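Below is one structure, written out as structure tokens, with a few remarks after it.
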Amino acid sequence: MADLPKAAELIKIDHKPKAKGWMETPVNIRPGMYCYAANPKSLDYMGFPNVREWNPLDQDWKLPNNWKEILFEGIRERLGRFRSFKIFMDICVRCGACADKCHFFIGTGDPKNMPVLRAELLRSVYRNDFTMAGKILGKIAGARPMTLDVLKEWWYYFFQCTECRRCSVFCPYGIDTAEITIMGRELLNLLGLNIDWIATPVANCFRMGNHLGIQPHAFKDMLDFFEDDIEELTGLRMGVQYNKKGADILFITPSGDVFADPGTYTCMGYMMLFYYLKQEYGLDVTWSTYASEGGNFGFFTSHETMKRLNAKMYAEAKRLGVKWILGGECGHMWRVITQYMDTMNGPADFLEVPKNPITGTVFENARSTKMVHISEFTADLIRHKKLRLDPSRNDNLKVTFHDSCNPSRGMGLLDEPRYVIQNVCNNFCDMPPNTIRENTFCCGSGSGLNAGENMEQRMAGGLPRANAVKYVQEKHGVNMLATICAVDRAALPDLMKYWVPGVAVTGLHELVANALILPGEKERETDLRQEPLPGMEDGTDE
Amino acid sequence: MNVHYLFSLIAVVALCLIAFVGVEWLGLQALFGVVLPYAAVLTFVVAFWYRVWSWARSPVPFRIPTTCGQQKSLPWINAAKIDNPTTTGAVIVRMLLEIFCFRSLFRNTHMSFHETGTGVRITYRWEIWLWVFAMAFHYSFLVVLLRHMRFFFEPVPMVIQLLENLDSFFRIEWMSSVVGIGLPGVFVSGLVLLAAVTFLFLRRLLSPKIRYISLAADYFPLFLIMAIALTGIMMRYFLKTDIVGVKSLVWGLVTLQPALPETVGSLFYVHLFLVTVLLVYFPFSKLMHMGGVFLSPTRNLTTDTRARRHVNPWNYPVKVHTYEEYEDDFREKMIDAGLPVEKEQE
């Protein structure tokens with residue numbers, strides 16, 4: 001593993017490209033800036049092609065002999081299947097409006113991280129093989145033939161894009177680099193060139209129901225452990241239900257929240273909310289061990305893999321006979337649910353149009369997918385005053401909110417989480433406008449790049465986000481960064497520690513659960529993190 | 001030395017010379033005045049529609065609009081109706097704003113690093129200039145184009161006359177023995193077009209980032225349009241091309257009775273040839289963004305993907321891991337952990 005440079009070093013970034021043209025500048029695959037190659041076992045389990053051991057740093061990538069042919073056919077097939085791909089290959093005018101919108105460009109200064117150039121890496125080959133101008137004029141028309149160096153460049157830079165879509169907000173033609181990266185990664189997968197941080201979660205999810213490969217009994221064990229913690233805090237056991245047929249609602253959330261802090265506190269938050277709703281209103285929520293993953297690393301592999309993993313959600317809802325599905329806090333999971341799930345694996349006509357039985361609200365916006373975001377659900381409960389809340393329990397926190405890429409630009413879930421935060425916390429402020437909502441910056445670790453070996457890449461990519469947090473930390477004393485994405489909860493603590501020490505990371509429903517007054521609970525002395533509540537610090541009342 | 005722009009510059013200069021030599025020395029008026037224009041219009045029309053058709057032929061398997069504002073969810077939350085459009089009407093408004101106002105480009109920001117007492121602060125300030133000059137360029141081009149319609153109609157329609165009057169609003173009356181600026185009325189559009197094209201060129205040349213991403217194919221249309229505007233301006237204000245002759249030539253083309261008036265000078269043929277080249281070049285180049293912007297799936301689709309199912313025409317069945325396979329794999333462990341199972345163990 002490469003050494004991570006100090007923050008003071010990493011921030012010295014030169015955004016001025018070198019004089020030498022980009023086509024003449026070969027890729028330099030640098031430790032710290034890439035993820036390890038996929039474990040062949042994982043690829044094999046999924047039945048992916050061209051499985052082998054290989055190392056990105058090696059000269060020889062052990063490609064199949066006909067690899068150029070495979071890529072050519074792969075591009076041809078996708079041009080015929082995706083209008084987006086075809087149009088985005090053709091209409092870019094290289095105006096450069098996207099150039100400084102990418103967090104990886106801002107954080108590295110590497111010109112090939114300008115969205116326009118990332119796309120040109122693929123476009124140049126497309127022009128060479130598929131357009132008349134490229135065939136006749138060659139390099140003058142911006143065309144270049146496929147070579148091993150070009151392939152390596154693709155691999156390096158398509159795994160240096162988090163598919164966050166920020167550039168697509170600013171593009172006058174709506175060219176979406178995420179779409180190009182998605183195609184690029186699909187093509188790389190045809191040659192067995194995935195990264196392990198994606199491939200192994202995919203295989204785990206396929207067999208065991210979640211990315212982390214938690215088997216059913218272990219999944220229950222982990223939630224039991226949270227039960228103990230919550231009991232210690234409140235004196236109550238939450239009585240989580242698993243795989244229960246005939247429950248009202250199936251709840252699906254990313255498995256990351258079951259596994260690692262601070263996501264675990266968010267997971268406890270869900271458990272406490274469902275306990276409250278069961279006790280007060282008799283709402284019957286079940287979890288599933290089979291569909292125990294909201295996230296979908298298949299999305300970072302290929303459209304087909306995304307569909308194979310996503311199929312579990314509707315299948316499990318059907319098997320259990322629930323009315324509708326509630327989804328937890330996750331980023332790309334919600335892009336998949338919003339823009340792909342119903343098309344791929346629907347129609348879910350065996351489910352009911354989601355209706356909150358407690359408030360009577362019908363979620364018309366989820367009429368077809370039959371799946372509601374927990375921020376929408378909780379915001380609705382709060383609006384109808386169905387939750388007893390004590391926001392002062394969060395008074396030690398000065399909270400800001402990080403909009404996750406996918407719920408922002410693939411959905412538009414912006415005000416629901418803010419409404420919830422403002423009802424469970426007394427101190428909230430937003431970061432500067434050009435860094436939030438549809439302009440939000442990625443955590444730098446999305447789309448399967450949240451590994452350990454590429455820490456420099458992640459810290460560089462997360463710089464714009466961290467810098468905006470630093471601004472509100474200095475200006476308003478913010479000490480807590482709230483988010484509705486499991487990757488964020490895993491990635492942002494490292495990012496904060498590196499760039500903005502003193503700011504912790506939380507999920508939305510950890511804040512909710514801290515404020516939520518459970519029926520019959522004992523007086524709480526600590527928050528979910530077992531840190532003293534405001535006013536409960538040892539003899540040092542403020 | 002930037003070979004990309006030099007190559008394009010040389011290409012455009014060569015094109016000018018070809019037309020000049022062809023007409024002045026070789027007497028190929030018929031080729032440059034009749035044959036090539038007809039061929040170019042035909043190529044433009046056929047190739048343009050072929051490109052659009054070939055895009056439209058590829059399906060839209062998923063609805064992937066970029067949402068640039070609050071979704072429509074709970075009734076008491078204000079939704080961004082245009083930036084996150086759920087109805088066809090709202091999508092039309094979003095598209096009209098994109099096409100006529102370059103709305104996304106209007107959002108453009110400029111990122112910069114600043115040293116402060118507590119470290120580096122990154123700022124994103126609103127950057128309007130690219131939008132301003134892009135608007136100026138496209139609209140002045142449109143006005144110039146519409147003005148030229150006076151050559152294609154007899155009598156000249158009122159609208160065109162009106163547009164011309166508006167365009168020459170800043171009429172300058174200034175006479176000298178050498179040049180008589182103002183006599184024909186100065187058209188603002190031509191000057192704005194030239195200024196905007198020059199800005200777009202200088203931006204490519206002077207901004208290190210934009211220079212780095214620019215291809216010859218980015219400079220070529222700029223030089224071409226620059227040359228078209230320059231030759232047009234020369235003819236109108238300085239060399240005083242015989243406008244009646246030009247009209248009769250164009251009118252001949254329109255009525256399919258080509259005529260080549262002797263009075264039209266070779267500069268006109270250079271101008272016409274450059275336009276001919278632009279027409280032919282257009283459908284094979286990035287200039288097709290004009291057609292493509294209408295079809296961009298991140299802008300022209302409704303965002304109500306959770307409320308209304310989108311159908312993928314090539315959706316195919318995939319291999320999944322069923323619950324039965326899962327339970328078979330873990331049944332014993334599930335029973336031991338007290339998790340419900342479908343099939344008890346044999």
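Chain identifiers are assigned as A, B, and so on, following the order in which chains appear in the structure tokens; residues are numbered from 1 within each chain, and ligands are numbered from 1 in order of appearance.
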
* To do: Can you pull out every residue within 12 Å of Leu230 (chain B), counting only C-alpha atoms, but drop anything in the same chain fewer than 3 positions away, and send it as a list in words?
  => Cys16, Gly190, Leu191, Val192, Leu193, Leu194, Ala195, Val197, Thr198, Phe223, Leu224, Ile225, Met226, Ala227, Ile233, Met234, Met235, Arg236, Tyr237, Phe238, Leu239, Leu267, Phe268, Val270, His271 and Leu274 of chain B

Near Thr109 (chain B), within 7 Å and counting only C-alpha atoms, which residues show up once chain neighbours fewer than 4 positions away are dropped, as an mmCIF file with N, CA and C atoms, in the first residue's frame?
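Saved file selection.cif follows:
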```cif
data_model
loop_
_atom_site.group_PDB
_atom_site.id
_atom_site.type_symbol
_atom_site.label_atom_id
_atom_site.label_comp_id
_atom_site.auth_asym_id
_atom_site.auth_seq_id
_atom_site.Cartn_x
_atom_site.Cartn_y
_atom_site.Cartn_z
ATOM 1 N N TYR B 124 -16.034 28.871 -5.846
ATOM 2 C CA TYR B 124 -16.669 28.583 -7.132
ATOM 3 C C TYR B 124 -17.505 29.794 -7.482
ATOM 4 N N ARG B 125 -16.903 30.696 -8.248
ATOM 5 C CA ARG B 125 -17.635 31.922 -8.514
ATOM 6 C C ARG B 125 -18.348 31.789 -9.859
ATOM 7 N N TRP B 126 -19.469 32.479 -9.926
ATOM 8 C CA TRP B 126 -20.288 32.451 -11.137
ATOM 9 C C TRP B 126 -19.478 32.964 -12.314
ATOM 10 N N GLU B 127 -19.497 32.221 -13.391
ATOM 11 C CA GLU B 127 -18.686 32.593 -14.557
ATOM 12 C C GLU B 127 -19.628 32.763 -15.744
#
```

* To do: Kindly give the distance, in Å, that separates CA of Trp55 (chain B) and CA of Arg83 (chain A), rounded to a single decimal.
  =>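 One can read the CA of Trp55 (chain B) to CA of Arg83 (chain A) distance as 6.0 Å.
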
* **Close residues, Val93 (chain B) itself excluded, 12 Å, only C-alpha atoms, min 5 positions apart in chain, as a ChimeraX atom specification** => /B:81-88,98-101,103,299-302

* Asked: When distances are computed from only C-alpha atoms, which of A:Ala491, A:Ala291, A:Ile136, A:Leu63 shows the smallest separation from Leu193 (chain A)?
  ->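 Closest to Leu193 (chain A) of all the choices is A:Leu63.
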
* Asked: region 197-210 of chain A: which residues within 7 Å, counting only C-alpha atoms, same-chain residues fewer than 6 positions away excluded, as JSON, numbers by chain?
  -> {"A": [38, 39, 42, 43, 45, 46, 255, 289, 290, 291, 292, 293, 297, 298, 309, 448, 449, 451], "B": [321, 326]}

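CA of His4 (chain B) is positioned 26.2 Å from CA of Asp176 (chain A).
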
* **Selection: 12 Å around Met313 (chain A), only C-alpha atoms, excl. self and same-chain fewer than 4 positions, as JSON, numbers by chain** => {"A": [209, 210, 250, 251, 252, 253, 287, 288, 289, 290, 291, 292, 293, 294, 295, 296, 306, 307, 308, 309, 317, 318, 319, 320, 322, 324, 325, 326, 327, 333, 336, 337, 341, 342, 344, 345, 346, 348, 351, 369, 370, 371], "B": [320, 321, 322, 323]}

* To do: Write out as a count of residues only each polymer residue whose atoms come within 9 Å of Gly69 (chain B), counting only C-alpha atoms; drop sequence neighbours fewer than 6 positions from it.
  => 14

* Residue neighbourhood Phe7 (chain B), 9 Å, only C-alpha atoms, exclusion window fewer than 6 positions, as a list in words -> Ile140 of chain A; Ala216, Tyr219 and Phe220 of chain B

Dump C-alpha atoms for the selected residues as an mmCIF file, in the first residue's frame?
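Result file selection_36.cif:
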```cif
data_model
loop_
_atom_site.group_PDB
_atom_site.id
_atom_site.type_symbol
_atom_site.label_atom_id
_atom_site.label_comp_id
_atom_site.auth_asym_id
_atom_site.auth_seq_id
_atom_site.Cartn_x
_atom_site.Cartn_y
_atom_site.Cartn_z
ATOM 1 C CA ILE A 140 -6.644 15.681 -37.013
ATOM 2 C CA ALA B 216 -8.240 20.793 -34.855
ATOM 3 C CA TYR B 219 -10.640 25.501 -34.368
ATOM 4 C CA PHE B 220 -11.682 24.718 -37.905
#
```

* Using only C-alpha atoms, find the one residue out of A:Asn28, A:Thr378, A:Asn467, A:Asn356 that sits nearest to chain B. => A:Asn467

* Expressed in Å to a single decimal, how great is the separation between CA of Leu105 (chain B) and CA of Pro172 (chain A)? -> 5.2 Å

* To do: Please give the complete set of residues from region 21-179 of chain B that DSSP, run on the backbone, assigns to helix (DSSP H, G or I), formatted as a ChimeraX atom specification.
  => /B:21-24,29-57,88-101,103-106,129-151,158-167

* Taking the backbone alone, and naming residues the way the document does, which bits of region 234-375 of chain A are strand (DSSP E) by DSSP, as a VMD selection string? -> chain A and resid 249 to 252 285 to 287 324 to 327 371 to 373

* Asked: A:Ala482, A:Pro417, A:Leu463, A:Glu364: which is nearest Leu74 (chain B), counting only C-alpha atoms?
  -> A:Glu364

* Among the residues B:Ile92, B:Leu26, B:Ile122, B:Val159, the one that comes closest to chain A [using only C-alpha atoms] ->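 Checking each candidate against chain A, we get B:Ile122 as the closest.
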